[in-house]
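Structure file data-v8.txt (compact mmCIF, N, CA and C atoms) is printed below.
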# COMPACT_ATOMS: atom_id res chain seq x y z
N MET A 1 162.31 4.00 147.80
CA MET A 1 161.24 3.15 148.30
C MET A 1 159.93 3.93 148.27
N SER A 2 158.88 3.32 147.78
CA SER A 2 157.60 4.02 147.69
C SER A 2 156.87 3.99 149.03
N ARG A 3 156.04 4.97 149.21
CA ARG A 3 155.28 5.10 150.44
C ARG A 3 153.85 4.59 150.22
N ALA A 4 153.27 4.06 151.26
CA ALA A 4 151.89 3.60 151.23
C ALA A 4 150.97 4.82 151.15
N PRO A 5 149.73 4.60 150.74
CA PRO A 5 148.81 5.73 150.60
C PRO A 5 148.37 6.32 151.94
N VAL A 6 147.82 7.53 151.84
CA VAL A 6 147.20 8.21 152.98
C VAL A 6 145.71 8.24 152.70
N HIS A 7 144.93 7.61 153.56
CA HIS A 7 143.48 7.62 153.43
C HIS A 7 142.89 8.60 154.43
N ILE A 8 141.68 9.03 154.17
CA ILE A 8 140.94 9.79 155.18
C ILE A 8 139.60 9.08 155.39
N LYS A 9 139.13 9.12 156.65
CA LYS A 9 137.93 8.38 156.99
C LYS A 9 137.25 9.05 158.18
N ARG A 10 135.94 9.11 158.14
CA ARG A 10 135.18 9.65 159.28
C ARG A 10 135.30 8.72 160.48
N ALA A 11 135.31 9.30 161.64
CA ALA A 11 135.38 8.53 162.88
C ALA A 11 134.15 7.64 163.06
N TYR A 12 133.07 7.97 162.36
CA TYR A 12 131.83 7.23 162.48
C TYR A 12 131.74 6.06 161.49
N ASP A 13 132.74 5.93 160.64
CA ASP A 13 132.84 4.79 159.72
C ASP A 13 133.65 3.69 160.42
N TRP A 14 133.26 2.46 160.22
CA TRP A 14 133.95 1.35 160.88
C TRP A 14 135.37 1.20 160.36
N PRO A 15 136.30 0.88 161.25
CA PRO A 15 137.67 0.59 160.81
C PRO A 15 137.68 -0.60 159.85
N ALA A 16 138.65 -0.58 158.95
CA ALA A 16 138.81 -1.67 157.99
C ALA A 16 140.24 -2.17 158.04
N GLU A 17 140.43 -3.39 157.60
CA GLU A 17 141.77 -3.99 157.64
C GLU A 17 142.79 -3.16 156.85
N GLY A 18 142.37 -2.58 155.73
CA GLY A 18 143.28 -1.81 154.89
C GLY A 18 143.60 -0.42 155.40
N ASP A 19 143.04 -0.03 156.55
CA ASP A 19 143.30 1.32 157.09
C ASP A 19 144.74 1.49 157.53
N GLY A 20 145.38 0.44 157.94
CA GLY A 20 146.75 0.55 158.43
C GLY A 20 146.79 1.30 159.75
N HIS A 21 147.68 2.29 159.83
CA HIS A 21 147.90 3.08 161.04
C HIS A 21 146.84 4.18 161.10
N ARG A 22 145.90 4.08 162.04
CA ARG A 22 144.79 5.03 162.15
C ARG A 22 145.14 6.15 163.12
N VAL A 23 145.01 7.39 162.64
CA VAL A 23 145.42 8.57 163.41
C VAL A 23 144.25 9.54 163.51
N LEU A 24 143.81 9.82 164.72
CA LEU A 24 142.77 10.83 164.93
C LEU A 24 143.41 12.20 164.80
N VAL A 25 142.86 13.05 163.94
CA VAL A 25 143.49 14.35 163.66
C VAL A 25 142.63 15.52 164.14
N ASP A 26 141.70 15.26 165.05
CA ASP A 26 140.88 16.30 165.65
C ASP A 26 141.39 16.59 167.05
N GLY A 27 141.12 17.78 167.52
CA GLY A 27 141.55 18.17 168.86
C GLY A 27 140.69 17.57 169.95
N MET A 28 139.45 17.20 169.61
CA MET A 28 138.54 16.62 170.59
C MET A 28 138.11 15.24 170.11
N TRP A 29 137.82 14.37 171.07
CA TRP A 29 137.35 13.04 170.72
C TRP A 29 135.96 13.16 170.10
N PRO A 30 135.68 12.41 169.03
CA PRO A 30 134.37 12.49 168.37
C PRO A 30 133.23 12.02 169.28
N ARG A 31 132.17 12.79 169.29
CA ARG A 31 131.02 12.47 170.13
C ARG A 31 130.42 11.13 169.73
N GLY A 32 130.10 10.33 170.72
CA GLY A 32 129.39 9.09 170.49
C GLY A 32 130.24 7.95 169.97
N VAL A 33 131.54 8.14 169.87
CA VAL A 33 132.42 7.08 169.37
C VAL A 33 133.18 6.50 170.56
N ARG A 34 133.02 5.21 170.76
CA ARG A 34 133.74 4.54 171.84
C ARG A 34 135.19 4.32 171.43
N LYS A 35 136.09 4.55 172.34
CA LYS A 35 137.52 4.38 172.03
C LYS A 35 137.83 2.97 171.56
N ALA A 36 137.18 1.98 172.14
CA ALA A 36 137.43 0.60 171.73
C ALA A 36 136.98 0.34 170.29
N ASP A 37 135.94 1.04 169.85
CA ASP A 37 135.43 0.84 168.48
C ASP A 37 136.22 1.62 167.44
N ALA A 38 136.90 2.68 167.86
CA ALA A 38 137.57 3.57 166.90
C ALA A 38 138.87 3.00 166.36
N ALA A 39 139.52 2.11 167.08
CA ALA A 39 140.78 1.50 166.66
C ALA A 39 141.82 2.55 166.27
N ILE A 40 141.96 3.57 167.12
CA ILE A 40 142.91 4.65 166.87
C ILE A 40 144.28 4.25 167.42
N HIS A 41 145.30 4.39 166.60
CA HIS A 41 146.67 4.07 167.02
C HIS A 41 147.40 5.28 167.60
N ALA A 42 147.01 6.47 167.15
CA ALA A 42 147.67 7.70 167.64
C ALA A 42 146.68 8.85 167.60
N TRP A 43 146.90 9.80 168.50
CA TRP A 43 146.05 10.99 168.56
C TRP A 43 146.95 12.21 168.77
N PRO A 44 147.70 12.61 167.76
CA PRO A 44 148.61 13.75 167.89
C PRO A 44 147.83 15.08 167.77
N ARG A 45 147.53 15.68 168.89
CA ARG A 45 146.70 16.88 168.89
C ARG A 45 147.36 18.06 168.18
N GLU A 46 148.68 17.99 167.99
CA GLU A 46 149.37 19.08 167.30
C GLU A 46 149.00 19.12 165.81
N LEU A 47 148.31 18.08 165.31
CA LEU A 47 147.86 18.07 163.92
C LEU A 47 146.43 18.59 163.76
N ALA A 48 145.82 19.02 164.85
CA ALA A 48 144.48 19.58 164.80
C ALA A 48 144.58 21.10 164.61
N PRO A 49 143.62 21.70 163.92
CA PRO A 49 143.63 23.16 163.81
C PRO A 49 143.40 23.80 165.17
N SER A 50 143.88 25.02 165.32
CA SER A 50 143.66 25.74 166.57
C SER A 50 142.16 25.94 166.78
N LYS A 51 141.79 26.13 168.02
CA LYS A 51 140.38 26.33 168.35
C LYS A 51 139.81 27.54 167.61
N SER A 52 140.58 28.62 167.57
CA SER A 52 140.08 29.83 166.91
C SER A 52 139.88 29.61 165.40
N LEU A 53 140.82 28.91 164.77
CA LEU A 53 140.68 28.64 163.33
C LEU A 53 139.50 27.70 163.08
N ARG A 54 139.36 26.68 163.89
CA ARG A 54 138.25 25.73 163.75
C ARG A 54 136.91 26.43 163.91
N GLN A 55 136.81 27.29 164.92
CA GLN A 55 135.55 28.01 165.15
C GLN A 55 135.25 28.98 164.02
N TRP A 56 136.27 29.69 163.54
CA TRP A 56 136.06 30.61 162.42
C TRP A 56 135.57 29.85 161.18
N PHE A 57 136.21 28.74 160.87
CA PHE A 57 135.87 27.95 159.69
C PHE A 57 134.45 27.41 159.78
N GLY A 58 134.10 26.81 160.90
CA GLY A 58 132.75 26.29 161.09
C GLY A 58 132.32 25.30 160.01
N HIS A 59 133.27 24.70 159.32
CA HIS A 59 133.01 23.74 158.24
C HIS A 59 132.16 24.34 157.13
N ASP A 60 132.33 25.64 156.90
CA ASP A 60 131.65 26.34 155.81
C ASP A 60 132.45 26.13 154.53
N PRO A 61 131.90 25.43 153.55
CA PRO A 61 132.65 25.16 152.31
C PRO A 61 133.16 26.43 151.62
N ASP A 62 132.45 27.53 151.79
CA ASP A 62 132.89 28.79 151.17
C ASP A 62 134.17 29.33 151.82
N ARG A 63 134.47 28.89 153.02
CA ARG A 63 135.67 29.35 153.73
C ARG A 63 136.82 28.34 153.63
N PHE A 64 136.60 27.22 152.94
CA PHE A 64 137.60 26.16 152.96
C PHE A 64 138.95 26.56 152.38
N ASP A 65 138.98 27.29 151.29
CA ASP A 65 140.27 27.67 150.71
C ASP A 65 141.09 28.53 151.68
N THR A 66 140.41 29.46 152.36
CA THR A 66 141.11 30.28 153.35
C THR A 66 141.52 29.43 154.54
N PHE A 67 140.63 28.54 154.98
CA PHE A 67 140.96 27.63 156.07
C PHE A 67 142.20 26.81 155.71
N ARG A 68 142.24 26.26 154.51
CA ARG A 68 143.37 25.44 154.06
C ARG A 68 144.68 26.24 154.20
N ALA A 69 144.68 27.47 153.70
CA ALA A 69 145.89 28.29 153.76
C ALA A 69 146.29 28.60 155.20
N CYS A 70 145.33 28.96 156.03
CA CYS A 70 145.63 29.28 157.43
C CYS A 70 146.09 28.05 158.20
N PHE A 71 145.46 26.91 157.95
CA PHE A 71 145.84 25.68 158.64
C PHE A 71 147.25 25.26 158.23
N ARG A 72 147.56 25.38 156.96
CA ARG A 72 148.92 25.07 156.50
C ARG A 72 149.95 25.97 157.19
N GLU A 73 149.60 27.24 157.37
CA GLU A 73 150.49 28.17 158.07
C GLU A 73 150.67 27.74 159.52
N GLU A 74 149.58 27.37 160.19
CA GLU A 74 149.69 26.90 161.57
C GLU A 74 150.62 25.70 161.67
N LEU A 75 150.44 24.74 160.77
CA LEU A 75 151.26 23.53 160.81
C LEU A 75 152.73 23.86 160.53
N ALA A 76 152.97 24.72 159.56
CA ALA A 76 154.35 25.07 159.19
C ALA A 76 155.07 25.81 160.31
N SER A 77 154.32 26.53 161.14
CA SER A 77 154.95 27.30 162.20
C SER A 77 155.13 26.50 163.50
N SER A 78 154.71 25.24 163.49
CA SER A 78 154.80 24.41 164.69
C SER A 78 155.84 23.31 164.49
N ASP A 79 156.89 23.34 165.30
CA ASP A 79 157.91 22.29 165.24
C ASP A 79 157.29 20.92 165.53
N ALA A 80 156.39 20.87 166.50
CA ALA A 80 155.77 19.60 166.87
C ALA A 80 154.91 19.05 165.73
N ALA A 81 154.18 19.91 165.05
CA ALA A 81 153.35 19.46 163.92
C ALA A 81 154.21 18.98 162.77
N ARG A 82 155.28 19.71 162.47
CA ARG A 82 156.18 19.29 161.38
C ARG A 82 156.82 17.94 161.71
N ALA A 83 157.20 17.74 162.95
CA ALA A 83 157.80 16.47 163.37
C ALA A 83 156.79 15.33 163.25
N GLU A 84 155.55 15.60 163.62
CA GLU A 84 154.52 14.57 163.53
C GLU A 84 154.21 14.23 162.08
N LEU A 85 154.17 15.21 161.21
CA LEU A 85 153.95 14.94 159.78
C LEU A 85 155.09 14.09 159.22
N GLU A 86 156.30 14.39 159.63
CA GLU A 86 157.45 13.59 159.18
C GLU A 86 157.34 12.15 159.72
N ARG A 87 156.91 12.01 160.96
CA ARG A 87 156.75 10.69 161.55
C ARG A 87 155.70 9.88 160.78
N LEU A 88 154.61 10.53 160.41
CA LEU A 88 153.57 9.83 159.64
C LEU A 88 154.08 9.44 158.26
N ASN A 89 154.88 10.30 157.66
CA ASN A 89 155.45 9.93 156.36
C ASN A 89 156.40 8.75 156.49
N GLU A 90 157.13 8.69 157.58
CA GLU A 90 157.99 7.52 157.83
C GLU A 90 157.13 6.27 158.04
N GLN A 91 156.02 6.43 158.74
CA GLN A 91 155.10 5.31 158.97
C GLN A 91 154.62 4.74 157.63
N ARG A 92 154.46 5.60 156.65
CA ARG A 92 153.98 5.18 155.33
C ARG A 92 154.97 4.28 154.60
N LEU A 93 156.18 4.18 155.08
CA LEU A 93 157.12 3.23 154.49
C LEU A 93 156.73 1.80 154.84
N GLU A 94 155.97 1.64 155.92
CA GLU A 94 155.59 0.32 156.41
C GLU A 94 154.13 -0.05 156.16
N THR A 95 153.24 0.93 156.25
CA THR A 95 151.80 0.65 156.20
C THR A 95 151.04 1.89 155.75
N PRO A 96 149.84 1.71 155.21
CA PRO A 96 149.02 2.89 154.92
C PRO A 96 148.72 3.66 156.20
N VAL A 97 148.43 4.93 156.05
CA VAL A 97 148.02 5.78 157.16
C VAL A 97 146.61 6.27 156.86
N THR A 98 145.73 6.16 157.84
CA THR A 98 144.37 6.66 157.69
C THR A 98 144.16 7.79 158.69
N LEU A 99 143.86 8.97 158.17
CA LEU A 99 143.59 10.14 158.99
C LEU A 99 142.10 10.12 159.33
N VAL A 100 141.79 10.06 160.60
CA VAL A 100 140.41 9.93 161.07
C VAL A 100 139.94 11.28 161.60
N TYR A 101 138.75 11.69 161.17
CA TYR A 101 138.19 12.99 161.53
C TYR A 101 136.71 12.82 161.83
N ALA A 102 136.10 13.83 162.45
CA ALA A 102 134.69 13.72 162.84
C ALA A 102 133.76 14.58 161.99
N ALA A 103 134.25 15.51 161.24
CA ALA A 103 133.40 16.45 160.50
C ALA A 103 132.43 15.73 159.57
N ARG A 104 131.28 16.33 159.37
CA ARG A 104 130.28 15.74 158.46
C ARG A 104 130.70 15.87 157.00
N ASN A 105 131.30 17.01 156.66
CA ASN A 105 131.67 17.26 155.27
C ASN A 105 132.95 16.49 154.95
N ARG A 106 132.84 15.56 154.03
CA ARG A 106 133.98 14.70 153.68
C ARG A 106 135.00 15.39 152.78
N ASP A 107 134.63 16.52 152.20
CA ASP A 107 135.52 17.20 151.25
C ASP A 107 136.19 18.45 151.80
N CYS A 108 135.65 19.01 152.85
CA CYS A 108 136.15 20.27 153.41
C CYS A 108 136.41 20.10 154.91
N ASN A 109 137.57 19.56 155.24
CA ASN A 109 137.92 19.35 156.65
C ASN A 109 139.44 19.31 156.79
N ASN A 110 139.90 19.30 158.01
CA ASN A 110 141.34 19.35 158.27
C ASN A 110 142.07 18.10 157.78
N ALA A 111 141.41 16.95 157.77
CA ALA A 111 142.06 15.72 157.29
C ALA A 111 142.41 15.82 155.81
N VAL A 112 141.56 16.49 155.04
CA VAL A 112 141.84 16.69 153.61
C VAL A 112 143.14 17.48 153.44
N VAL A 113 143.32 18.51 154.24
CA VAL A 113 144.53 19.35 154.16
C VAL A 113 145.75 18.53 154.57
N LEU A 114 145.62 17.75 155.64
CA LEU A 114 146.74 16.92 156.08
C LEU A 114 147.09 15.86 155.03
N GLN A 115 146.09 15.28 154.41
CA GLN A 115 146.34 14.30 153.35
C GLN A 115 147.12 14.95 152.20
N GLU A 116 146.74 16.15 151.83
CA GLU A 116 147.47 16.88 150.78
C GLU A 116 148.91 17.08 151.17
N LEU A 117 149.14 17.54 152.40
CA LEU A 117 150.51 17.79 152.86
C LEU A 117 151.35 16.52 152.86
N LEU A 118 150.78 15.45 153.36
CA LEU A 118 151.54 14.19 153.42
C LEU A 118 151.87 13.65 152.04
N THR A 119 150.95 13.75 151.12
CA THR A 119 151.22 13.22 149.79
C THR A 119 152.15 14.13 148.99
N GLU A 120 152.23 15.40 149.36
CA GLU A 120 153.18 16.32 148.72
C GLU A 120 154.61 16.01 149.18
N GLN A 121 154.77 15.51 150.39
CA GLN A 121 156.08 15.25 151.00
C GLN A 121 156.59 13.85 150.68
N ARG A 122 156.73 13.54 149.46
CA ARG A 122 157.14 12.17 149.08
C ARG A 122 158.49 11.87 149.54
Give the structure from this file in structure tokens form.
Amino acid sequence: MSRAPVHIKRAYDWPAEGDGHRVLVDGMWPRGVRKADAAIHAWPRELAPSKSLRQWFGHDPDRFDTFRACFREELASSDAARAELERLNEQRLETPVTLVYAARNRDCNNAVVLQELLTEQR
């Protein structure tokens, strides 16, 4: 059985019907976003990078490759994160999954890494 796609979307973009199951993947709630407007179905904080990794990265595109490797290591070493990734992949049997993040950079953020991991785990 094929799985639905994994989308990524900024928390500041309006939810859309095709988003499916919307999951906030940041450790903190995005500033200025009302919970009622965000249409978030789940907020598994175990899928957010650690505070120290997030602060070191600082959304610097030059550090993204190292961030990606370190974040993947964090996720792989966490039973809770691995279980949540598996749960999201199971969710994809029923509906698309949209990973919601707050970062300004659409190409260098934790949601991009999570999207890669989920699509690798067919």
- Message: Taking the DSSP secondary structure from the backbone, can you list the residues of chain A that are alpha helix (DSSP H), as a PyMOL selection string?
- Response: chain A and resi 35-38+51-57+64-76+79-91+110-120
- Item | Two-atom distance - CA of Asp65 (chain A), CA of Ala81 (chain A) (Å) |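 Rounded to one decimal, the two atoms are 20.3 Å apart.
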- Task: Could you tell me, as a PyMOL selection string, which residues of region 5-104 of chain A DSSP assigns to strand (DSSP E or B) when given the backbone?
- Result: chain A and resi 6-10+21-24+42+97-101
- Hey, what's within 7 Å of Arg3 (chain A) if we count only C-alpha atoms and toss same-chain stuff fewer than 2 positions away? As a ChimeraX atom specification, please? /A:1,5,92-93
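Closest approach to Asn109 (chain A) among A:Asn89, A:Val97, A:Arg68, A:Ala83: A:Arg68, based on only N, CA and C atoms.
The closest residue to Arg104 (chain A), picked from A:His59, A:Arg45, A:Lys35, A:Arg72 and counting all atoms listed in the file, is A:His59.
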- Task: Mind giving me the straight-line distance from atom C of Cys108 (chain A) to atom C of Glu90 (chain A) in Å, one decimal?
- Result: 25.1 Å
Report as an mmCIF file with N, CA and C atoms, keeping the file's coordinate frame all protein, DNA and RNA residues lying within 7 Å of Trp43 (chain A), evaluated on all atoms listed in the file, omitting residues in the same chain fewer than 2 positions from it.
data_model
loop_
_atom_site.group_PDB
_atom_site.id
_atom_site.type_symbol
_atom_site.label_atom_id
_atom_site.label_comp_id
_atom_site.auth_asym_id
_atom_site.auth_seq_id
_atom_site.Cartn_x
_atom_site.Cartn_y
_atom_site.Cartn_z
ATOM 1 N N ARG A 22 145.900 4.080 162.040
ATOM 2 C CA ARG A 22 144.790 5.030 162.150
ATOM 3 C C ARG A 22 145.140 6.150 163.120
ATOM 4 N N VAL A 23 145.010 7.390 162.640
ATOM 5 C CA VAL A 23 145.420 8.570 163.410
ATOM 6 C C VAL A 23 144.250 9.540 163.510
ATOM 7 N N LEU A 24 143.810 9.820 164.720
ATOM 8 C CA LEU A 24 142.770 10.830 164.930
ATOM 9 C C LEU A 24 143.410 12.200 164.800
ATOM 10 N N VAL A 25 142.860 13.050 163.940
ATOM 11 C CA VAL A 25 143.490 14.350 163.660
ATOM 12 C C VAL A 25 142.630 15.520 164.140
ATOM 13 N N ILE A 40 141.960 3.570 167.120
ATOM 14 C CA ILE A 40 142.910 4.650 166.870
ATOM 15 C C ILE A 40 144.280 4.250 167.420
ATOM 16 N N HIS A 41 145.300 4.390 166.600
ATOM 17 C CA HIS A 41 146.670 4.070 167.020
ATOM 18 C C HIS A 41 147.400 5.280 167.600
ATOM 19 N N ARG A 45 147.530 15.680 168.890
ATOM 20 C CA ARG A 45 146.700 16.880 168.890
ATOM 21 C C ARG A 45 147.360 18.060 168.180
ATOM 22 N N GLU A 46 148.680 17.990 167.990
ATOM 23 C CA GLU A 46 149.370 19.080 167.300
ATOM 24 C C GLU A 46 149.000 19.120 165.810
ATOM 25 N N LEU A 47 148.310 18.080 165.310
ATOM 26 C CA LEU A 47 147.860 18.070 163.920
ATOM 27 C C LEU A 47 146.430 18.590 163.760
#
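Distances to Pro96 (chain A) were evaluated for A:Tyr12, A:His21, A:Pro30, A:Ser2 using only N, CA and C atoms, and the minimum falls at A:His21.
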- Task: Give me, please, the distance in Å between CA of Arg82 (chain A) and atom C of Ala111 (chain A), quoted to one decimal.
- Result: 15.3 Å
- Message: Taking only C-alpha atoms into account, name the residue in A:Trp56, A:Phe71, A:Phe64, A:Tyr101 that is nearest to Val33 (chain A).
- Response: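 Of all the options, A:Tyr101 lies closest to Val33 (chain A).
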- So, counting only N, CA and C atoms, which residue among A:Ala80, A:Ala42, A:Val113, A:Val100 is closest to Phe67 (chain A)?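 Answer, going by the shortest atom-to-atom distance: A:Val113.
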- Nearest to His7 (chain A), chosen from A:Leu99, A:Glu94, A:Gly20, A:Pro44, with only C-alpha atoms counted in the distances: A:Leu99
- Within 6 Å of Pro49 (chain A) using all atoms listed in the file, minus same-chain residues under 3 positions, as a list in words: Gly27, Leu53 and Arg54 of chain A
